[in-house]
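Engineer: Starting off with a structure, shown below.
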Amino acid sequence: MQERVTAHKSALDAHVREIVEWHFNPETGCPFWLDFAAKAGWDPRKEIHCYEDLDKFGFFEDEKLRGGPVRQWVPKGLAHLPTYIFETGGSTGVPKSRVQMNDFRTDYEMFSHTLPDEAFPKGADWLMVGPSGPRRLRLAVEHLAQYRGGICFMIDLDPRWVVKLLKWGEFDMAERYKQHVVDQALTLLKAHDNIQCMFTTPKLLEAMCEKVNLRKLGIKGIFCGGTEMTPQFHRFAVEEMLDGIYFAPTYGNTLMGLATHKAPTKEDNWAIIYYPPTPRAVLEVVEPDNPTKVVPYGATGRVRLTTLTKETFVPRFLERDECEREAPCDQYPWDGVRNVRPFQKLGTNVVVGVY
């Protein structure tokens with residue numbers, strides 16, 4: 001294991017040098033980072049040699065991702081490709097945005113290789129019961145289905161509207177909207193026999209299982225994500241709701257991509273353990289009051305994300321999540337995270353709506 005961890009660290013350092021060279025080269029870099037280097041007084045291509053050197057950038061502020069011009073994030077080396085814009089947030093102000101060309105496809109192709117074929121059969125169709133609109137999840141799940149040889153059926157879902165309803169105290173209306181979403185999903189499931197795989201969120205999954213037995217409707221595998229994913233829900237889903245359907249919890253967002261779950265064992269006691277798609281994204285668990293310092297294994301801290309693709313370079317971004325630091329395992333020779341949940345020290349109430 002130590003040899004694999006060391007080899008991974010060496011590969012990560014090489015990847016960091018490649019990505020920094022790309023984003024700060026005047027011929028391939030994006031205007032935002034080229035402007036940063038011109039004003040910083042130091043050349044990242046000369047001073048960044050390994051992953052730890054990225055500390056020189058300080059912490060990335062997410063406010064930089066709100067508003068425009070969004071073309072400042074398009075690398076010159078990729079400007080000839082069709083560009084997508086994906087958003088996150090937006091319930092109470094200007095949403096954060098990320099431009100992408102192919103990252104969402106690459107991330108979900110990598111995720112595809114972690115899915116067992118018996119639970120997510122090649123050629124089977126999919127149902128996507130989750131946020132649509134400007135979120136990358138909608139296109140990403142569709143690509144995942146197509147990559148595995150299937151067709152993806154969709155429902156309409158606007159989580160920003162649900163969040164507003166809850167903030168207005170319109171709880172009955174929010175519940176009616178959730179049932180509207182569930183009704184759309186069940187109509188499709190009952191009409192198309194080849195839908196065997198599904199993406200949804202914990203609350204929507206529970207709402208569907210209150211009405212039908214998904215296994216009897218042909219579902220064999222479900223991948224699930226959202227802020228309501230807890231060990232309690234994990235156990236409840238596997239032992240009581242899903243009647244033998246394969247359950248794949250995930251942790252993802254627009255900046256990171258998709259962190260995949262480690263196969264659960266009895267020793268984990270239903271904890272949900274995720275490993276990021278390193279070297280394209282690195283998750284660390286840091287001290288909340290000193291986020292330059294990584295906590296020991298098993299300790300609780302705040303999630304710190306670094307995104308390292310040719311489309312997006314975001315160093316040392318402090319997420320609004322906390323968790324425990326997880327050691328490398330046989331499947332993933334790098335750090336993971338355990339039981340991700342909203343970061344308590346922010347002192348804000350997170351309205352999760354239909355998630």
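Letters for chains follow the order of the structure tokens (A, B, ...), residue numbers begin at 1 for each chain, and ligand numbers begin at 1 in the order shown.
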I want to know what sits within 12 Å of Thr250 in chain A, based on only C-alpha atoms, with residues of the same chain fewer than 3 positions away left out; could you give that as a compact mmCIF listing (two decimals) with N, CA and C atoms, in the first residue's frame?

Structural biologist:
# COMPACT_ATOMS: atom_id res chain seq x y z
N TYR A 108 -17.87 11.38 -15.75
CA TYR A 108 -18.89 10.33 -15.66
C TYR A 108 -18.48 9.06 -16.39
N PHE A 111 -16.57 7.44 -13.66
CA PHE A 111 -17.52 6.89 -12.70
C PHE A 111 -18.15 5.61 -13.24
N THR A 114 -16.72 2.30 -12.30
CA THR A 114 -16.86 1.82 -10.92
C THR A 114 -18.19 1.11 -10.70
N LEU A 115 -19.07 1.12 -11.70
CA LEU A 115 -20.41 0.54 -11.54
C LEU A 115 -20.41 -0.93 -11.98
N PHE A 199 -30.80 7.63 -11.54
CA PHE A 199 -30.21 8.59 -10.62
C PHE A 199 -31.34 9.33 -9.92
N THR A 200 -31.19 9.54 -8.61
CA THR A 200 -32.12 10.40 -7.89
C THR A 200 -31.47 10.89 -6.60
N THR A 201 -32.22 11.68 -5.84
CA THR A 201 -31.74 12.22 -4.58
C THR A 201 -32.41 11.46 -3.43
N PRO A 202 -31.85 11.53 -2.22
CA PRO A 202 -32.43 10.77 -1.11
C PRO A 202 -33.92 11.03 -0.86
N ILE A 222 -29.30 1.93 -8.54
CA ILE A 222 -29.59 3.35 -8.31
C ILE A 222 -28.32 4.04 -7.85
N PHE A 223 -27.96 5.12 -8.54
CA PHE A 223 -26.90 5.95 -7.96
C PHE A 223 -27.55 7.22 -7.47
N CYS A 224 -27.13 7.65 -6.28
CA CYS A 224 -27.88 8.62 -5.50
C CYS A 224 -26.93 9.66 -4.93
N GLY A 225 -27.34 10.91 -4.95
CA GLY A 225 -26.51 11.96 -4.38
C GLY A 225 -27.36 13.08 -3.82
N GLY A 226 -26.80 13.82 -2.88
CA GLY A 226 -27.53 14.93 -2.28
C GLY A 226 -27.08 15.14 -0.85
N THR A 227 -27.42 16.31 -0.30
CA THR A 227 -26.94 16.67 1.04
C THR A 227 -27.61 15.87 2.15
N GLU A 228 -28.68 15.15 1.84
CA GLU A 228 -29.35 14.38 2.87
C GLU A 228 -28.81 12.96 2.99
N MET A 229 -27.67 12.68 2.35
CA MET A 229 -27.09 11.35 2.42
C MET A 229 -26.37 11.18 3.76
N THR A 230 -26.91 10.33 4.61
CA THR A 230 -26.36 10.08 5.94
C THR A 230 -26.20 8.58 6.15
N HIS A 234 -28.43 5.64 4.48
CA HIS A 234 -27.73 4.55 3.79
C HIS A 234 -28.28 3.19 4.26
N PHE A 247 -27.22 -0.07 -4.52
CA PHE A 247 -27.28 1.33 -4.12
C PHE A 247 -25.88 1.92 -4.14
N ASN A 253 -20.12 17.74 -6.97
CA ASN A 253 -20.58 19.11 -7.21
C ASN A 253 -19.98 19.61 -8.51
N MET A 256 -16.00 19.85 -8.45
CA MET A 256 -15.20 18.65 -8.22
C MET A 256 -15.40 17.58 -9.28
N GLY A 257 -16.65 17.40 -9.69
CA GLY A 257 -16.96 16.20 -10.46
C GLY A 257 -17.66 15.23 -9.54
N LEU A 258 -17.21 14.00 -9.51
CA LEU A 258 -17.93 12.96 -8.77
C LEU A 258 -16.97 12.12 -7.94
N ALA A 259 -17.17 12.12 -6.62
CA ALA A 259 -16.42 11.23 -5.73
C ALA A 259 -17.24 9.95 -5.57
N THR A 260 -16.60 8.82 -5.80
CA THR A 260 -17.32 7.54 -5.78
C THR A 260 -17.20 6.86 -4.43
N HIS A 261 -18.18 6.01 -4.14
CA HIS A 261 -18.24 5.38 -2.82
C HIS A 261 -17.36 4.13 -2.77
N LYS A 262 -16.80 3.91 -1.61
CA LYS A 262 -16.11 2.66 -1.33
C LYS A 262 -17.16 1.61 -0.98
N ALA A 263 -16.99 0.40 -1.50
CA ALA A 263 -17.94 -0.66 -1.19
C ALA A 263 -18.06 -0.82 0.32
N ILE A 272 -20.67 6.44 5.03
CA ILE A 272 -20.55 6.62 3.58
C ILE A 272 -19.16 7.21 3.31
N ILE A 273 -18.34 6.42 2.63
CA ILE A 273 -16.94 6.79 2.40
C ILE A 273 -16.75 7.05 0.91
N TYR A 274 -16.24 8.24 0.60
CA TYR A 274 -16.05 8.63 -0.79
C TYR A 274 -14.57 8.88 -1.08
N TYR A 275 -14.20 8.60 -2.35
CA TYR A 275 -12.86 8.92 -2.82
C TYR A 275 -12.97 9.77 -4.07
N PRO A 276 -12.26 10.91 -4.11
CA PRO A 276 -12.39 11.84 -5.24
C PRO A 276 -11.71 11.29 -6.50
N PRO A 277 -12.02 11.90 -7.66
CA PRO A 277 -11.42 11.45 -8.93
C PRO A 277 -10.00 12.01 -9.12
N VAL A 337 -12.97 10.75 2.14
CA VAL A 337 -13.75 11.48 3.14
C VAL A 337 -14.90 10.60 3.62
N ARG A 338 -15.28 10.77 4.87
CA ARG A 338 -16.32 9.93 5.47
C ARG A 338 -17.45 10.80 6.02
N ASN A 339 -18.68 10.41 5.67
CA ASN A 339 -19.89 11.05 6.23
C ASN A 339 -19.89 12.57 6.03
N VAL A 340 -19.89 12.98 4.77
CA VAL A 340 -19.93 14.40 4.42
C VAL A 340 -21.28 15.01 4.82

Engineer: Please give the complete set of residues from range 46-293 of chain A that DSSP, run on the backbone, assigns to alpha helix (DSSP H), formatted as a compact mmCIF listing (two decimals) with N, CA and C atoms, in the first residue's frame.

Structural biologist:
# COMPACT_ATOMS: atom_id res chain seq x y z
N LYS A 46 7.28 28.40 -12.93
CA LYS A 46 8.63 28.22 -12.42
C LYS A 46 8.64 27.82 -10.95
N GLU A 47 7.60 28.19 -10.22
CA GLU A 47 7.63 27.99 -8.76
C GLU A 47 6.74 26.86 -8.25
N ASP A 103 -15.23 18.03 -19.59
CA ASP A 103 -14.97 17.50 -18.24
C ASP A 103 -16.14 16.68 -17.71
N PHE A 104 -17.36 17.15 -17.96
CA PHE A 104 -18.51 16.41 -17.41
C PHE A 104 -18.61 15.03 -18.03
N ARG A 105 -18.20 14.89 -19.28
CA ARG A 105 -18.21 13.57 -19.92
C ARG A 105 -17.11 12.69 -19.33
N THR A 106 -15.91 13.26 -19.21
CA THR A 106 -14.78 12.50 -18.67
C THR A 106 -15.06 12.02 -17.25
N ASP A 107 -15.60 12.90 -16.40
CA ASP A 107 -15.88 12.54 -15.01
C ASP A 107 -16.84 11.36 -14.93
N TYR A 108 -17.87 11.38 -15.75
CA TYR A 108 -18.89 10.33 -15.66
C TYR A 108 -18.48 9.06 -16.39
N GLU A 109 -17.56 9.15 -17.33
CA GLU A 109 -17.00 7.95 -17.91
C GLU A 109 -16.12 7.23 -16.87
N MET A 110 -15.35 8.00 -16.12
CA MET A 110 -14.57 7.41 -15.03
C MET A 110 -15.48 6.75 -14.00
N PHE A 111 -16.57 7.44 -13.66
CA PHE A 111 -17.52 6.89 -12.70
C PHE A 111 -18.15 5.61 -13.24
N SER A 112 -18.41 5.56 -14.53
CA SER A 112 -19.02 4.39 -15.14
C SER A 112 -18.22 3.12 -14.86
N ARG A 136 -25.01 20.76 -14.32
CA ARG A 136 -24.31 19.81 -15.18
C ARG A 136 -24.82 18.39 -14.99
N LEU A 137 -25.47 18.11 -13.86
CA LEU A 137 -25.95 16.77 -13.57
C LEU A 137 -26.87 16.25 -14.67
N ARG A 138 -27.69 17.14 -15.23
CA ARG A 138 -28.65 16.73 -16.23
C ARG A 138 -27.94 16.14 -17.46
N LEU A 139 -26.94 16.85 -18.02
CA LEU A 139 -26.21 16.35 -19.18
C LEU A 139 -25.26 15.22 -18.81
N ALA A 140 -24.72 15.28 -17.60
CA ALA A 140 -23.75 14.26 -17.18
C ALA A 140 -24.39 12.88 -17.05
N VAL A 141 -25.56 12.82 -16.42
CA VAL A 141 -26.24 11.54 -16.28
C VAL A 141 -26.68 11.02 -17.65
N GLU A 142 -27.12 11.91 -18.51
CA GLU A 142 -27.50 11.49 -19.85
C GLU A 142 -26.29 10.91 -20.58
N HIS A 143 -25.12 11.55 -20.45
CA HIS A 143 -23.92 11.01 -21.08
C HIS A 143 -23.54 9.66 -20.48
N LEU A 144 -23.69 9.53 -19.17
CA LEU A 144 -23.41 8.25 -18.52
C LEU A 144 -24.26 7.14 -19.12
N ALA A 145 -25.55 7.41 -19.29
CA ALA A 145 -26.44 6.41 -19.89
C ALA A 145 -26.00 6.07 -21.31
N GLN A 146 -25.68 7.09 -22.09
CA GLN A 146 -25.27 6.86 -23.46
C GLN A 146 -23.94 6.11 -23.53
N TYR A 147 -23.02 6.47 -22.64
CA TYR A 147 -21.71 5.81 -22.59
C TYR A 147 -21.85 4.32 -22.31
N PRO A 159 -35.02 23.00 -8.45
CA PRO A 159 -34.84 23.07 -6.99
C PRO A 159 -34.85 24.49 -6.45
N ARG A 160 -34.53 25.48 -7.28
CA ARG A 160 -34.56 26.87 -6.80
C ARG A 160 -35.98 27.27 -6.40
N TRP A 161 -36.96 26.77 -7.14
CA TRP A 161 -38.35 27.07 -6.81
C TRP A 161 -38.74 26.42 -5.49
N VAL A 162 -38.28 25.20 -5.27
CA VAL A 162 -38.59 24.51 -4.02
C VAL A 162 -37.99 25.25 -2.83
N VAL A 163 -36.73 25.70 -2.99
CA VAL A 163 -36.08 26.44 -1.91
C VAL A 163 -36.86 27.71 -1.58
N LYS A 164 -37.35 28.40 -2.60
CA LYS A 164 -38.15 29.60 -2.35
C LYS A 164 -39.44 29.27 -1.60
N LEU A 165 -40.10 28.20 -2.02
CA LEU A 165 -41.33 27.80 -1.35
C LEU A 165 -41.08 27.55 0.14
N LEU A 166 -40.00 26.86 0.45
CA LEU A 166 -39.69 26.54 1.85
C LEU A 166 -39.36 27.81 2.64
N LYS A 167 -38.64 28.73 2.02
CA LYS A 167 -38.30 29.98 2.72
C LYS A 167 -39.54 30.83 2.96
N PHE A 171 -44.96 25.11 2.87
CA PHE A 171 -44.54 23.71 2.97
C PHE A 171 -45.50 22.77 2.23
N ASP A 172 -46.78 23.10 2.26
CA ASP A 172 -47.74 22.26 1.54
C ASP A 172 -47.50 22.32 0.04
N MET A 173 -47.22 23.51 -0.46
CA MET A 173 -46.96 23.67 -1.89
C MET A 173 -45.66 22.95 -2.28
N ALA A 174 -44.63 23.02 -1.43
CA ALA A 174 -43.38 22.31 -1.71
C ALA A 174 -43.61 20.81 -1.76
N GLU A 175 -44.44 20.30 -0.86
CA GLU A 175 -44.75 18.88 -0.87
C GLU A 175 -45.52 18.50 -2.13
N ARG A 176 -46.42 19.35 -2.56
CA ARG A 176 -47.18 19.08 -3.78
C ARG A 176 -46.25 19.08 -5.00
N TYR A 177 -45.26 19.97 -4.98
CA TYR A 177 -44.30 20.00 -6.09
C TYR A 177 -43.47 18.71 -6.10
N LYS A 178 -43.06 18.25 -4.91
CA LYS A 178 -42.31 17.00 -4.84
C LYS A 178 -43.13 15.85 -5.39
N GLN A 179 -44.40 15.80 -5.04
CA GLN A 179 -45.26 14.73 -5.56
C GLN A 179 -45.44 14.86 -7.07
N HIS A 180 -45.44 16.08 -7.59
CA HIS A 180 -45.51 16.29 -9.03
C HIS A 180 -44.28 15.67 -9.71
N VAL A 181 -43.11 15.87 -9.12
CA VAL A 181 -41.88 15.29 -9.66
C VAL A 181 -41.94 13.77 -9.61
N VAL A 182 -42.37 13.24 -8.46
CA VAL A 182 -42.46 11.78 -8.30
C VAL A 182 -43.46 11.19 -9.30
N ASP A 183 -44.56 11.85 -9.50
CA ASP A 183 -45.56 11.35 -10.45
C ASP A 183 -44.98 11.28 -11.87
N GLN A 184 -44.20 12.29 -12.25
CA GLN A 184 -43.56 12.25 -13.56
C GLN A 184 -42.65 11.03 -13.68
N ALA A 185 -41.86 10.79 -12.63
CA ALA A 185 -40.91 9.67 -12.65
C ALA A 185 -41.62 8.33 -12.76
N LEU A 186 -42.66 8.15 -11.95
CA LEU A 186 -43.35 6.86 -11.94
C LEU A 186 -44.10 6.63 -13.25
N THR A 187 -44.59 7.69 -13.86
CA THR A 187 -45.25 7.54 -15.17
C THR A 187 -44.28 6.99 -16.20
N LEU A 188 -43.05 7.51 -16.21
CA LEU A 188 -42.05 7.02 -17.15
C LEU A 188 -41.64 5.59 -16.84
N LEU A 189 -41.44 5.29 -15.56
CA LEU A 189 -41.05 3.93 -15.18
C LEU A 189 -42.08 2.89 -15.61
N LYS A 190 -43.32 3.22 -15.48
CA LYS A 190 -44.38 2.28 -15.81
C LYS A 190 -44.59 2.15 -17.32
N ALA A 191 -44.13 3.15 -18.07
CA ALA A 191 -44.37 3.16 -19.52
C ALA A 191 -43.22 2.55 -20.33
N PRO A 202 -31.85 11.53 -2.22
CA PRO A 202 -32.43 10.77 -1.11
C PRO A 202 -33.92 11.03 -0.86
N LYS A 203 -34.32 12.30 -0.82
CA LYS A 203 -35.72 12.59 -0.52
C LYS A 203 -36.65 12.10 -1.62
N LEU A 204 -36.23 12.24 -2.87
CA LEU A 204 -37.08 11.77 -3.96
C LEU A 204 -37.12 10.25 -4.02
N LEU A 205 -36.01 9.61 -3.70
CA LEU A 205 -36.00 8.15 -3.66
C LEU A 205 -36.96 7.64 -2.60
N GLU A 206 -36.92 8.24 -1.43
CA GLU A 206 -37.82 7.81 -0.36
C GLU A 206 -39.27 8.04 -0.76
N ALA A 207 -39.56 9.18 -1.41
CA ALA A 207 -40.93 9.47 -1.83
C ALA A 207 -41.42 8.47 -2.87
N MET A 208 -40.54 8.04 -3.76
CA MET A 208 -40.94 7.04 -4.75
C MET A 208 -41.19 5.68 -4.11
N CYS A 209 -40.32 5.32 -3.17
CA CYS A 209 -40.45 4.01 -2.53
C CYS A 209 -41.68 3.93 -1.64
N PRO A 231 -25.43 8.15 7.15
CA PRO A 231 -25.36 6.72 7.45
C PRO A 231 -26.73 6.13 7.74
N GLN A 232 -27.58 6.89 8.40
CA GLN A 232 -28.92 6.40 8.72
C GLN A 232 -29.73 6.15 7.45
N PHE A 233 -29.64 7.10 6.50
CA PHE A 233 -30.36 6.91 5.24
C PHE A 233 -29.75 5.76 4.45
N HIS A 234 -28.43 5.64 4.48
CA HIS A 234 -27.73 4.55 3.79
C HIS A 234 -28.28 3.19 4.26
N ARG A 235 -28.34 3.00 5.56
CA ARG A 235 -28.85 1.74 6.10
C ARG A 235 -30.32 1.56 5.75
N PHE A 236 -31.11 2.61 5.91
CA PHE A 236 -32.54 2.55 5.63
C PHE A 236 -32.79 2.17 4.17

Engineer: Once you count only C-alpha atoms, what closest atom pair and distance in Å to one decimal does each residue of range 7-106 of chain A within 12 Å of range 123-134 of chain A have, with rows by chain and rising residue number, as a tab-separated table?

Structural biologist:
residue	atom	partner	partner_atom	distance
A:Tyr84	CA	A:Pro134	CA	9.5
A:Ile85	CA	A:Pro134	CA	7.4
A:Phe86	CA	A:Pro134	CA	5.4
A:Glu87	CA	A:Pro134	CA	5.5
A:Thr88	CA	A:Pro134	CA	7.9
A:Gly89	CA	A:Pro134	CA	10.1
A:Gly90	CA	A:Pro134	CA	10.2
A:Pro95	CA	A:Pro134	CA	10.0
A:Lys96	CA	A:Pro134	CA	10.9
A:Ser97	CA	A:Pro134	CA	9.3
A:Arg98	CA	A:Pro134	CA	10.5
A:Val99	CA	A:Pro134	CA	11.4

Engineer: Restrict the selected residues to C-alpha atoms and save them as a PDB file, in the first residue's frame.

Structural biologist:
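Done, and the output landed in again.pdb:
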ATOM      1  CA  TYR A  84     -21.068  24.691 -21.843  1.00  0.00           C
ATOM      2  CA  ILE A  85     -21.940  26.802 -18.811  1.00  0.00           C
ATOM      3  CA  PHE A  86     -23.084  25.026 -15.671  1.00  0.00           C
ATOM      4  CA  GLU A  87     -24.427  26.713 -12.555  1.00  0.00           C
ATOM      5  CA  THR A  88     -24.718  25.896  -8.903  1.00  0.00           C
ATOM      6  CA  GLY A  89     -26.704  27.756  -6.255  1.00  0.00           C
ATOM      7  CA  GLY A  90     -28.661  30.743  -7.479  1.00  0.00           C
ATOM      8  CA  PRO A  95     -25.203  31.616  -9.149  1.00  0.00           C
ATOM      9  CA  LYS A  96     -21.648  30.345  -9.341  1.00  0.00           C
ATOM     10  CA  SER A  97     -20.781  29.088 -12.799  1.00  0.00           C
ATOM     11  CA  ARG A  98     -18.210  26.810 -14.419  1.00  0.00           C
ATOM     12  CA  VAL A  99     -17.418  26.603 -18.107  1.00  0.00           C
TER      13      VAL A  99
END

Engineer: Report as number ranges by chain all protein, DNA and RNA residues lying within 7 Å of His23 in chain A, evaluated on only C-alpha atoms, omitting residues in the same chain fewer than 6 positions from it.

Structural biologist: A: 29-30, 33, 75

Engineer: Can I get the selected residues back with C-alpha atoms, as a short mmCIF file (atom, residue, chain, number, x, y, z; two decimals), in the first residue's frame?

Structural biologist:
data_model
loop_
_atom_site.label_atom_id
_atom_site.label_comp_id
_atom_site.auth_asym_id
_atom_site.auth_seq_id
_atom_site.Cartn_x
_atom_site.Cartn_y
_atom_site.Cartn_z
CA GLY A 29 -4.09 29.46 -20.50
CA CYS A 30 -7.34 31.19 -19.62
CA TRP A 33 -5.13 32.96 -14.57
CA PRO A 75 -8.55 28.34 -21.81
#

Engineer: Could you pull out all residues of range 145-302 of chain A with a DSSP call of strand (DSSP E) and give them as a PyMOL selection string?

Structural biologist: chain A and resi 152-154+195-200+221-225+246-253+257-261+273-275+281-287+290-294+300-302

Engineer: Which residues are near Leu305 in chain A? Cut-off 7 Å, only C-alpha atoms, ignore same chain within fewer than 6 positions. Put them as a ChimeraX atom specification.

Structural biologist: /A:282-284,316-319

Engineer: Pick the closest to Val20 in chain A from A:Glu267, A:Asp117, A:Asp289, A:Glu311: which is it, counting only C-alpha atoms?

Structural biologist: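 Smallest distance to Val20 in chain A is found for A:Glu311.
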
Engineer: For a quick check of understanding, using only C-alpha atoms, which of A:Phe57, A:Ala271, A:Cys50, A:Pro342 has the smallest distance to Ala37 in chain A?

Structural biologist: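 With only C-alpha atoms as the atom set, the closest residue is A:Phe57.
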
Engineer: Check the smallest atom-to-atom distance from each of A:Asp158, A:Asp335, A:Asp43, A:Asp243 to Leu217 in chain A using only C-alpha atoms, then report the winner.

Structural biologist: A:Asp243

Engineer: A:Arg280, A:Arg320, A:Lys293, A:Lys345: which is nearest Thr306 in chain A, counting only C-alpha atoms?

Structural biologist: A:Arg280
